[in-house]
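First the structure, in the form of structure tokens, and then the observations on it.
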Amino acid sequence: MKKKMALIVSLMLVCTLVLAACSKENGGGAANNGNGANAGGTAAEGNANTGSGDAAAAPVKISIFAQQNPETDFTTNSFTKEAEKQFNIQFEWQTIPYDGAAEKRQISLASGDYPDLYMLIPWVDRFSQTDLLRFAQQGVVLPLNDLIDKYAPNIKAAMDKYPFYKAMNTAPDGNIYGLSQLIECYHCSFPNKMWLNTKWLDKLGLEMPTTSEEFKAVLKAFKTQDPNGNGKADEVPLSGANGESGEHIIPYFMNGFIYDDDRTYLLLDNDKVDIAANKPEWKEGLAFVKSMYDEGLIDPGAFTQNGEAYKKIGDNAEIQILG
């Protein structure tokens, strides 16, 4: 636990210097890049020395812009308190709700009164490498390379152990302007999964499908054989939503024909970048999905509705209707 905490707080301390103009003592504003960076560096270095018995040293203040859900209070939660205690830090949280987070982040940047650290969520409002390069050219952010070498041994060790982690955080100009999570998230890496109603399979005496055609046959049975047993043709064999990821129908089936990452639609063929969407297999995949749609096996709203509308189908109060 302490090792993980040290890694995370080292990240926070290094990222204190990501925004060059965040030192309130130096007046803020991008024009004070050098002074802001120097002041931040001195504070971090001084903080590192507080463990030598200098109990009177004032905590290092770090302001953080972050998203906070209604069930969380960053100011009082146990991790914040333990980090503040262990590293003589005082966090000053600038929290916003998840809704409209990207727009609020832009407003924060436009104000010129930057926090020390933007702690963003990858699928909500992260900075792209293009964003970071632009901000670097504007003098808003500073490279972290030297700061990582000097102040963040745990992050440096992680980059040495996992070269891909360094690569994913390195901008095209060779600098590191921000740090992402180091995490192996299975459901993030493989978001397009299909959940099938096995109670309906058992009731209809069906096996778990292993091919596209078998899956289509199961959906036909769901539609025509009254698996919920209410005597009505009210079953919705298959539905989905037009959310960020993981709720899309097409990628799940398309990957039976050709690789579909549901984002860039790019392929790598012998070190040559290609596109999947102009291949015959892509056309075959779309034709297969359309055939299911034409036979009424796919909910018409699956391609346009949001997650809440999708959830209501699954949470139908009277009887289970979603396959």
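Letters A, B, ... go to the chains of the structure tokens in the order shown; residues in each chain start at 1; ligands are counted from 1 in the same order.
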Exercise: stretch 249-256 of chain A partners within 10 Å, only C-alpha atoms, chain neighbours under 4 positions left out, as a compact mmCIF listing (two decimals) with N, CA, C and O atoms, in the first residue's frame:
```txt
# COMPACT_ATOMS: atom_id res chain seq x y z
N PRO A 191 -13.65 -3.76 -24.45
CA PRO A 191 -14.94 -3.27 -23.98
C PRO A 191 -16.15 -3.91 -24.65
O PRO A 191 -17.23 -3.93 -24.08
N ASN A 192 -15.96 -4.43 -25.86
CA ASN A 192 -17.12 -4.91 -26.61
C ASN A 192 -17.44 -6.37 -26.28
O ASN A 192 -17.04 -7.28 -26.97
N LYS A 193 -18.15 -6.53 -25.18
CA LYS A 193 -18.56 -7.86 -24.74
C LYS A 193 -20.08 -7.99 -24.90
O LYS A 193 -20.80 -6.99 -24.88
N MET A 194 -20.52 -9.22 -25.02
CA MET A 194 -21.95 -9.46 -25.17
C MET A 194 -22.45 -10.26 -23.97
O MET A 194 -21.88 -11.30 -23.63
N THR A 211 -20.80 -19.18 -33.10
CA THR A 211 -20.57 -18.55 -34.40
C THR A 211 -21.62 -17.46 -34.61
O THR A 211 -22.64 -17.41 -33.89
N SER A 212 -21.40 -16.64 -35.59
CA SER A 212 -22.35 -15.56 -35.88
C SER A 212 -23.72 -16.12 -36.26
O SER A 212 -24.75 -15.62 -35.79
N PHE A 215 -25.50 -17.40 -33.27
CA PHE A 215 -26.00 -16.29 -32.46
C PHE A 215 -27.31 -15.75 -33.06
O PHE A 215 -28.28 -15.47 -32.34
N LEU A 238 -32.22 -8.31 -28.86
CA LEU A 238 -30.90 -7.69 -28.70
C LEU A 238 -31.04 -6.18 -28.71
O LEU A 238 -31.75 -5.62 -29.56
N SER A 239 -30.38 -5.52 -27.78
CA SER A 239 -30.37 -4.06 -27.76
C SER A 239 -28.98 -3.56 -27.41
O SER A 239 -28.07 -4.34 -27.10
N GLY A 240 -28.82 -2.26 -27.47
CA GLY A 240 -27.54 -1.64 -27.15
C GLY A 240 -27.75 -0.15 -27.01
O GLY A 240 -28.88 0.33 -26.84
N ALA A 241 -26.67 0.62 -27.05
CA ALA A 241 -26.77 2.06 -26.90
C ALA A 241 -25.65 2.75 -27.67
O ALA A 241 -24.68 2.12 -28.08
N ASN A 242 -25.81 4.05 -27.82
CA ASN A 242 -24.81 4.85 -28.51
C ASN A 242 -23.98 5.61 -27.48
O ASN A 242 -23.88 6.83 -27.51
N SER A 245 -18.50 3.57 -25.06
CA SER A 245 -17.92 2.29 -25.49
C SER A 245 -18.61 1.16 -24.75
O SER A 245 -19.28 1.38 -23.74
N ASP A 260 -12.20 -4.62 -35.57
CA ASP A 260 -12.88 -3.34 -35.39
C ASP A 260 -12.61 -2.86 -33.97
O ASP A 260 -13.14 -3.41 -33.01
N ASP A 261 -11.79 -1.80 -33.83
CA ASP A 261 -11.48 -1.29 -32.49
C ASP A 261 -12.53 -0.31 -32.00
O ASP A 261 -12.43 0.23 -30.90
N ASP A 262 -13.54 -0.03 -32.84
CA ASP A 262 -14.65 0.85 -32.47
C ASP A 262 -14.19 2.27 -32.18
O ASP A 262 -14.85 3.00 -31.45
N ARG A 263 -13.05 2.65 -32.72
CA ARG A 263 -12.56 4.00 -32.45
C ARG A 263 -11.88 4.59 -33.69
O ARG A 263 -12.34 5.56 -34.26
N GLU A 281 -14.46 -7.61 -46.05
CA GLU A 281 -14.94 -8.22 -44.79
C GLU A 281 -15.80 -7.25 -43.99
O GLU A 281 -16.74 -7.65 -43.31
N TRP A 282 -15.46 -5.98 -44.07
CA TRP A 282 -16.25 -4.97 -43.36
C TRP A 282 -17.67 -4.91 -43.96
O TRP A 282 -18.66 -4.83 -43.22
N LYS A 283 -17.73 -4.95 -45.27
CA LYS A 283 -19.02 -4.93 -45.95
C LYS A 283 -19.84 -6.16 -45.56
O LYS A 283 -21.05 -6.06 -45.33
N GLU A 284 -19.18 -7.31 -45.46
CA GLU A 284 -19.87 -8.54 -45.06
C GLU A 284 -20.40 -8.42 -43.64
O GLU A 284 -21.54 -8.85 -43.34
N GLY A 285 -19.60 -7.81 -42.75
CA GLY A 285 -20.03 -7.64 -41.37
C GLY A 285 -21.25 -6.74 -41.26
O GLY A 285 -22.20 -7.04 -40.53
N LEU A 286 -21.23 -5.64 -41.99
CA LEU A 286 -22.38 -4.74 -41.99
C LEU A 286 -23.61 -5.41 -42.56
O LEU A 286 -24.74 -5.23 -42.06
N ALA A 287 -23.43 -6.21 -43.60
CA ALA A 287 -24.56 -6.91 -44.20
C ALA A 287 -25.17 -7.90 -43.22
O ALA A 287 -26.40 -8.05 -43.15
N PHE A 288 -24.31 -8.55 -42.42
CA PHE A 288 -24.81 -9.49 -41.43
C PHE A 288 -25.63 -8.77 -40.36
O PHE A 288 -26.74 -9.21 -40.00
N VAL A 289 -25.11 -7.65 -39.84
CA VAL A 289 -25.84 -6.89 -38.83
C VAL A 289 -27.16 -6.39 -39.41
O VAL A 289 -28.21 -6.44 -38.74
N LYS A 290 -27.14 -5.92 -40.65
CA LYS A 290 -28.37 -5.44 -41.28
C LYS A 290 -29.39 -6.56 -41.43
O LYS A 290 -30.61 -6.35 -41.27
N ILE A 298 -32.91 -6.94 -33.73
CA ILE A 298 -32.19 -5.87 -33.05
C ILE A 298 -33.15 -4.73 -32.77
O ILE A 298 -33.90 -4.29 -33.66
N ALA A 302 -31.21 0.71 -30.67
CA ALA A 302 -29.89 0.27 -30.20
C ALA A 302 -28.75 1.13 -30.74
O ALA A 302 -27.70 1.20 -30.11
N PHE A 303 -28.97 1.78 -31.89
CA PHE A 303 -27.88 2.54 -32.51
C PHE A 303 -27.92 4.02 -32.16
O PHE A 303 -26.98 4.75 -32.48
```
Interatomic distance, atom CA of A:Pro70 to atom CA of A:Glu84 (Å, one decimal): 22.4 Å
As an MDAnalysis selection string, please: every residue in stretch 105-225 of chain A that a backbone DSSP assignment puts in strand (DSSP E or B). chainID A and resid 117:119 141 170 176
As number ranges by chain, please: the residues near A:Lys203 (cut-off 10 Å, only C-alpha atoms, same-chain neighbours under 6 positions excluded). A: 225-229
Would you list the contacts of A:Pro143 as a PDB file with N, CA and C atoms, in the first residue's frame, taking every protein, DNA or RNA residue within 8 Å and counting only C-alpha atoms, but skipping same-chain residues closer than 5 positions in sequence?
```
ATOM      1  N   VAL A  18       3.554  20.593 -13.758  1.00  0.00           N
ATOM      2  CA  VAL A  18       3.076  20.481 -15.135  1.00  0.00           C
ATOM      3  C   VAL A  18       2.608  21.837 -15.640  1.00  0.00           C
ATOM      4  N   ALA A 136       2.108  23.363 -24.464  1.00  0.00           N
ATOM      5  CA  ALA A 136       3.547  23.539 -24.271  1.00  0.00           C
ATOM      6  C   ALA A 136       4.061  24.698 -25.115  1.00  0.00           C
ATOM      7  N   ASN A 175       9.075  14.823 -25.338  1.00  0.00           N
ATOM      8  CA  ASN A 175       8.865  15.259 -23.958  1.00  0.00           C
ATOM      9  C   ASN A 175       7.654  14.581 -23.327  1.00  0.00           C
ATOM     10  N   ILE A 176       7.672  14.525 -22.011  1.00  0.00           N
ATOM     11  CA  ILE A 176       6.541  14.021 -21.228  1.00  0.00           C
ATOM     12  C   ILE A 176       5.882  15.211 -20.561  1.00  0.00           C
ATOM     13  N   TYR A 177       4.637  15.488 -20.931  1.00  0.00           N
ATOM     14  CA  TYR A 177       3.913  16.632 -20.388  1.00  0.00           C
ATOM     15  C   TYR A 177       2.837  16.239 -19.381  1.00  0.00           C
TER      16      TYR A 177
END
```
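Taking only C-alpha atoms, the non-local environment of A:Asn145 within 10 Å (same-chain residues fewer than 3 positions away omitted) comprises Val14, Leu142, Ile148, Asp149, Lys150, Lys156, Thr170, Gly174, Asn175, Ile176, Tyr177 and Gly178 of chain A.
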Hey, can you spit out that residue selection with all heavy atoms as a compact mmCIF listing (two decimals), in the first residue's frame?
```
# COMPACT_ATOMS: atom_id res chain seq x y z
N VAL A 14 5.26 15.57 -8.98
CA VAL A 14 5.84 15.92 -10.27
C VAL A 14 4.86 16.75 -11.07
O VAL A 14 5.22 17.76 -11.68
CB VAL A 14 6.24 14.66 -11.05
CG1 VAL A 14 6.65 15.02 -12.47
CG2 VAL A 14 7.40 13.97 -10.35
N LEU A 142 4.94 22.52 -18.80
CA LEU A 142 6.38 22.27 -18.89
C LEU A 142 6.66 20.79 -19.06
O LEU A 142 5.88 19.95 -18.59
CB LEU A 142 7.07 22.74 -17.61
CG LEU A 142 7.11 24.24 -17.31
CD1 LEU A 142 7.75 24.49 -15.95
CD2 LEU A 142 7.88 24.97 -18.39
N ILE A 148 10.96 14.14 -13.41
CA ILE A 148 10.78 12.72 -13.09
C ILE A 148 12.10 12.11 -12.65
O ILE A 148 12.18 11.38 -11.66
CB ILE A 148 10.19 11.96 -14.29
CG1 ILE A 148 8.75 12.40 -14.55
CG2 ILE A 148 10.24 10.45 -14.07
CD1 ILE A 148 8.15 11.85 -15.82
N ASP A 149 13.18 12.41 -13.39
CA ASP A 149 14.50 11.88 -13.04
C ASP A 149 14.93 12.32 -11.65
O ASP A 149 15.54 11.55 -10.90
CB ASP A 149 15.54 12.34 -14.07
CG ASP A 149 15.37 11.66 -15.43
OD1 ASP A 149 14.73 10.60 -15.46
OD2 ASP A 149 15.87 12.20 -16.42
N LYS A 150 14.59 13.56 -11.28
CA LYS A 150 15.10 14.12 -10.03
C LYS A 150 14.20 13.81 -8.83
O LYS A 150 14.70 13.53 -7.73
CB LYS A 150 15.24 15.64 -10.18
CG LYS A 150 15.91 16.32 -8.99
CD LYS A 150 16.19 17.78 -9.30
CE LYS A 150 16.92 18.46 -8.13
NZ LYS A 150 17.22 19.88 -8.42
N LYS A 156 9.97 6.73 -12.41
CA LYS A 156 11.08 6.40 -13.29
C LYS A 156 11.29 4.88 -13.35
O LYS A 156 11.51 4.30 -14.41
CB LYS A 156 12.36 7.08 -12.79
CG LYS A 156 13.57 6.86 -13.68
CD LYS A 156 14.76 7.67 -13.21
CE LYS A 156 16.01 7.34 -13.99
NZ LYS A 156 15.84 7.52 -15.44
N THR A 170 4.85 9.77 -23.79
CA THR A 170 5.81 10.62 -24.48
C THR A 170 5.19 11.25 -25.72
O THR A 170 4.67 10.55 -26.58
CB THR A 170 7.07 9.82 -24.87
OG1 THR A 170 7.65 9.25 -23.68
CG2 THR A 170 8.09 10.71 -25.54
N GLY A 174 9.22 14.19 -27.99
CA GLY A 174 10.12 13.51 -27.07
C GLY A 174 9.96 13.89 -25.63
O GLY A 174 10.62 13.31 -24.74
N ASN A 175 9.07 14.82 -25.34
CA ASN A 175 8.87 15.26 -23.96
C ASN A 175 7.65 14.58 -23.33
O ASN A 175 6.74 14.13 -24.02
CB ASN A 175 8.67 16.78 -23.90
CG ASN A 175 9.96 17.53 -24.12
OD1 ASN A 175 11.01 17.15 -23.61
ND2 ASN A 175 9.89 18.61 -24.90
N ILE A 176 7.67 14.52 -22.01
CA ILE A 176 6.54 14.02 -21.23
C ILE A 176 5.88 15.21 -20.56
O ILE A 176 6.49 15.90 -19.75
CB ILE A 176 7.00 13.00 -20.17
CG1 ILE A 176 7.63 11.78 -20.85
CG2 ILE A 176 5.84 12.58 -19.28
CD1 ILE A 176 8.26 10.80 -19.88
N TYR A 177 4.64 15.49 -20.93
CA TYR A 177 3.91 16.63 -20.39
C TYR A 177 2.84 16.24 -19.38
O TYR A 177 2.30 17.09 -18.68
CB TYR A 177 3.26 17.42 -21.52
CG TYR A 177 4.26 18.04 -22.48
CD1 TYR A 177 4.44 17.52 -23.76
CD2 TYR A 177 5.02 19.13 -22.10
CE1 TYR A 177 5.34 18.09 -24.64
CE2 TYR A 177 5.94 19.71 -22.97
CZ TYR A 177 6.09 19.18 -24.24
OH TYR A 177 7.00 19.74 -25.11
N GLY A 178 2.50 14.97 -19.33
CA GLY A 178 1.48 14.50 -18.41
C GLY A 178 1.66 13.01 -18.19
O GLY A 178 2.32 12.33 -18.98
```
Could you give me, as a ChimeraX atom specification, the residues within 9 Å of A:Glu235, counting only C-alpha atoms and dropping anything in the same chain fewer than 5 positions from it? /A:222-224,226-228,320-323
Name the residues in contact with A:Ser180 at a cut-off of 10 Å, using only C-alpha atoms, excluding same-chain residues fewer than 2 positions from it; report them as a VMD selection string. chain A and resid 11 119 to 122 126 165 to 166 168 to 169 178 182 to 183
I need the residues from that last selection saved to file as an mmCIF file, in the first residue's frame (with all heavy atoms), if you can.
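Once everything was written out, this is again-v9.cif:
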```cif
data_model
loop_
_atom_site.group_PDB
_atom_site.id
_atom_site.type_symbol
_atom_site.label_atom_id
_atom_site.label_comp_id
_atom_site.auth_asym_id
_atom_site.auth_seq_id
_atom_site.Cartn_x
_atom_site.Cartn_y
_atom_site.Cartn_z
ATOM 1 N N LEU A 11 3.684 11.056 -8.409
ATOM 2 C CA LEU A 11 3.051 11.565 -9.619
ATOM 3 C C LEU A 11 2.456 12.936 -9.356
ATOM 4 O O LEU A 11 2.620 13.865 -10.149
ATOM 5 C CB LEU A 11 1.972 10.583 -10.069
ATOM 6 C CG LEU A 11 1.211 10.906 -11.368
ATOM 7 C CD1 LEU A 11 0.755 9.593 -11.988
ATOM 8 C CD2 LEU A 11 0.012 11.774 -11.103
ATOM 9 N N MET A 119 -6.161 16.564 -12.640
ATOM 10 C CA MET A 119 -6.290 15.108 -12.480
ATOM 11 C C MET A 119 -7.550 14.692 -13.240
ATOM 12 O O MET A 119 -8.671 14.759 -12.720
ATOM 13 C CB MET A 119 -6.389 14.735 -10.991
ATOM 14 C CG MET A 119 -6.254 13.246 -10.729
ATOM 15 S SD MET A 119 -5.953 12.873 -8.980
ATOM 16 C CE MET A 119 -7.554 13.274 -8.269
ATOM 17 N N LEU A 120 -7.363 14.274 -14.471
ATOM 18 C CA LEU A 120 -8.475 14.057 -15.390
ATOM 19 C C LEU A 120 -8.763 12.576 -15.576
ATOM 20 O O LEU A 120 -7.935 11.719 -15.265
ATOM 21 C CB LEU A 120 -8.154 14.708 -16.735
ATOM 22 C CG LEU A 120 -7.736 16.189 -16.670
ATOM 23 C CD1 LEU A 120 -7.416 16.713 -18.058
ATOM 24 C CD2 LEU A 120 -8.823 17.028 -16.009
ATOM 25 N N ILE A 121 -9.939 12.294 -16.117
ATOM 26 C CA ILE A 121 -10.380 10.912 -16.328
ATOM 27 C C ILE A 121 -10.290 10.603 -17.818
ATOM 28 O O ILE A 121 -10.833 11.353 -18.646
ATOM 29 C CB ILE A 121 -11.815 10.724 -15.819
ATOM 30 C CG1 ILE A 121 -11.865 11.008 -14.313
ATOM 31 C CG2 ILE A 121 -12.318 9.318 -16.116
ATOM 32 C CD1 ILE A 121 -13.262 10.988 -13.740
ATOM 33 N N PRO A 122 -9.607 9.518 -18.190
ATOM 34 C CA PRO A 122 -9.333 9.265 -19.614
ATOM 35 C C PRO A 122 -10.544 9.333 -20.515
ATOM 36 O O PRO A 122 -10.485 9.914 -21.597
ATOM 37 C CB PRO A 122 -8.714 7.862 -19.599
ATOM 38 C CG PRO A 122 -8.101 7.733 -18.249
ATOM 39 C CD PRO A 122 -9.000 8.495 -17.324
ATOM 40 N N ARG A 126 -9.771 13.936 -20.677
ATOM 41 C CA ARG A 126 -8.312 13.924 -20.670
ATOM 42 C C ARG A 126 -7.746 14.893 -21.714
ATOM 43 O O ARG A 126 -8.410 15.250 -22.686
ATOM 44 C CB ARG A 126 -7.800 12.519 -20.978
ATOM 45 C CG ARG A 126 -8.071 12.054 -22.404
ATOM 46 C CD ARG A 126 -7.489 10.682 -22.659
ATOM 47 N NE ARG A 126 -7.830 10.213 -23.997
ATOM 48 C CZ ARG A 126 -7.474 9.032 -24.478
ATOM 49 N NH1 ARG A 126 -6.786 8.203 -23.728
ATOM 50 N NH2 ARG A 126 -7.823 8.663 -25.688
ATOM 51 N N TYR A 165 4.806 2.086 -20.941
ATOM 52 C CA TYR A 165 4.255 3.168 -20.131
ATOM 53 C C TYR A 165 4.944 4.492 -20.462
ATOM 54 O O TYR A 165 4.295 5.537 -20.572
ATOM 55 C CB TYR A 165 4.402 2.846 -18.646
ATOM 56 C CG TYR A 165 3.815 3.893 -17.730
ATOM 57 C CD1 TYR A 165 2.461 4.221 -17.807
ATOM 58 C CD2 TYR A 165 4.597 4.561 -16.798
ATOM 59 C CE1 TYR A 165 1.912 5.185 -16.980
ATOM 60 C CE2 TYR A 165 4.052 5.524 -15.959
ATOM 61 C CZ TYR A 165 2.707 5.826 -16.055
ATOM 62 O OH TYR A 165 2.172 6.795 -15.241
ATOM 63 N N LYS A 166 6.256 4.427 -20.647
ATOM 64 C CA LYS A 166 6.973 5.640 -21.050
ATOM 65 C C LYS A 166 6.544 6.068 -22.447
ATOM 66 O O LYS A 166 6.345 7.266 -22.713
ATOM 67 C CB LYS A 166 8.484 5.402 -21.005
ATOM 68 C CG LYS A 166 9.291 6.638 -21.347
ATOM 69 C CD LYS A 166 10.778 6.394 -21.173
ATOM 70 C CE LYS A 166 11.578 7.660 -21.452
ATOM 71 N NZ LYS A 166 13.028 7.458 -21.263
ATOM 72 N N MET A 168 3.700 5.577 -24.012
ATOM 73 C CA MET A 168 2.344 6.111 -24.098
ATOM 74 C C MET A 168 2.236 7.518 -23.513
ATOM 75 O O MET A 168 1.284 8.246 -23.814
ATOM 76 C CB MET A 168 1.351 5.169 -23.399
ATOM 77 C CG MET A 168 1.506 5.063 -21.903
ATOM 78 S SD MET A 168 0.497 3.730 -21.174
ATOM 79 C CE MET A 168 -1.134 4.435 -21.310
ATOM 80 N N ASN A 169 3.208 7.914 -22.683
ATOM 81 C CA ASN A 169 3.190 9.242 -22.088
ATOM 82 C C ASN A 169 4.128 10.222 -22.786
ATOM 83 O O ASN A 169 4.199 11.387 -22.388
ATOM 84 C CB ASN A 169 3.571 9.155 -20.610
ATOM 85 C CG ASN A 169 2.471 8.548 -19.766
ATOM 86 O OD1 ASN A 169 1.376 9.085 -19.685
ATOM 87 N ND2 ASN A 169 2.745 7.414 -19.149
ATOM 88 N N GLY A 178 2.497 14.971 -19.330
ATOM 89 C CA GLY A 178 1.484 14.502 -18.406
ATOM 90 C C GLY A 178 1.658 13.015 -18.188
ATOM 91 O O GLY A 178 2.320 12.331 -18.981
ATOM 92 N N LEU A 182 -1.004 3.763 -14.756
ATOM 93 C CA LEU A 182 -0.371 2.500 -15.141
ATOM 94 C C LEU A 182 -1.265 1.393 -14.606
ATOM 95 O O LEU A 182 -1.222 1.050 -13.428
ATOM 96 C CB LEU A 182 1.045 2.394 -14.564
ATOM 97 C CG LEU A 182 1.780 1.079 -14.845
ATOM 98 C CD1 LEU A 182 1.896 0.834 -16.339
ATOM 99 C CD2 LEU A 182 3.160 1.076 -14.208
ATOM 100 N N ILE A 183 -2.096 0.869 -15.489
ATOM 101 C CA ILE A 183 -3.099 -0.100 -15.039
ATOM 102 C C ILE A 183 -3.443 -1.023 -16.199
ATOM 103 O O ILE A 183 -3.493 -0.594 -17.348
ATOM 104 C CB ILE A 183 -4.369 0.626 -14.523
ATOM 105 C CG1 ILE A 183 -5.414 -0.357 -14.007
ATOM 106 C CG2 ILE A 183 -4.973 1.500 -15.612
ATOM 107 C CD1 ILE A 183 -6.583 0.307 -13.322
#
```
Between atom CA of A:Ala101 and atom CA of A:Thr264 lies a distance of 23.4 Å
When you count only C-alpha atoms, which of these residues is closest to A:Trp200: A:Ala102, A:Ala110, A:Ala221, A:Val140? A:Ala221
In stretch 131-168 of chain A, DSSP helix (DSSP H, G or I) residues written as a PyMOL selection string: chain A and resi 131-137+145-151+153-161+163-168
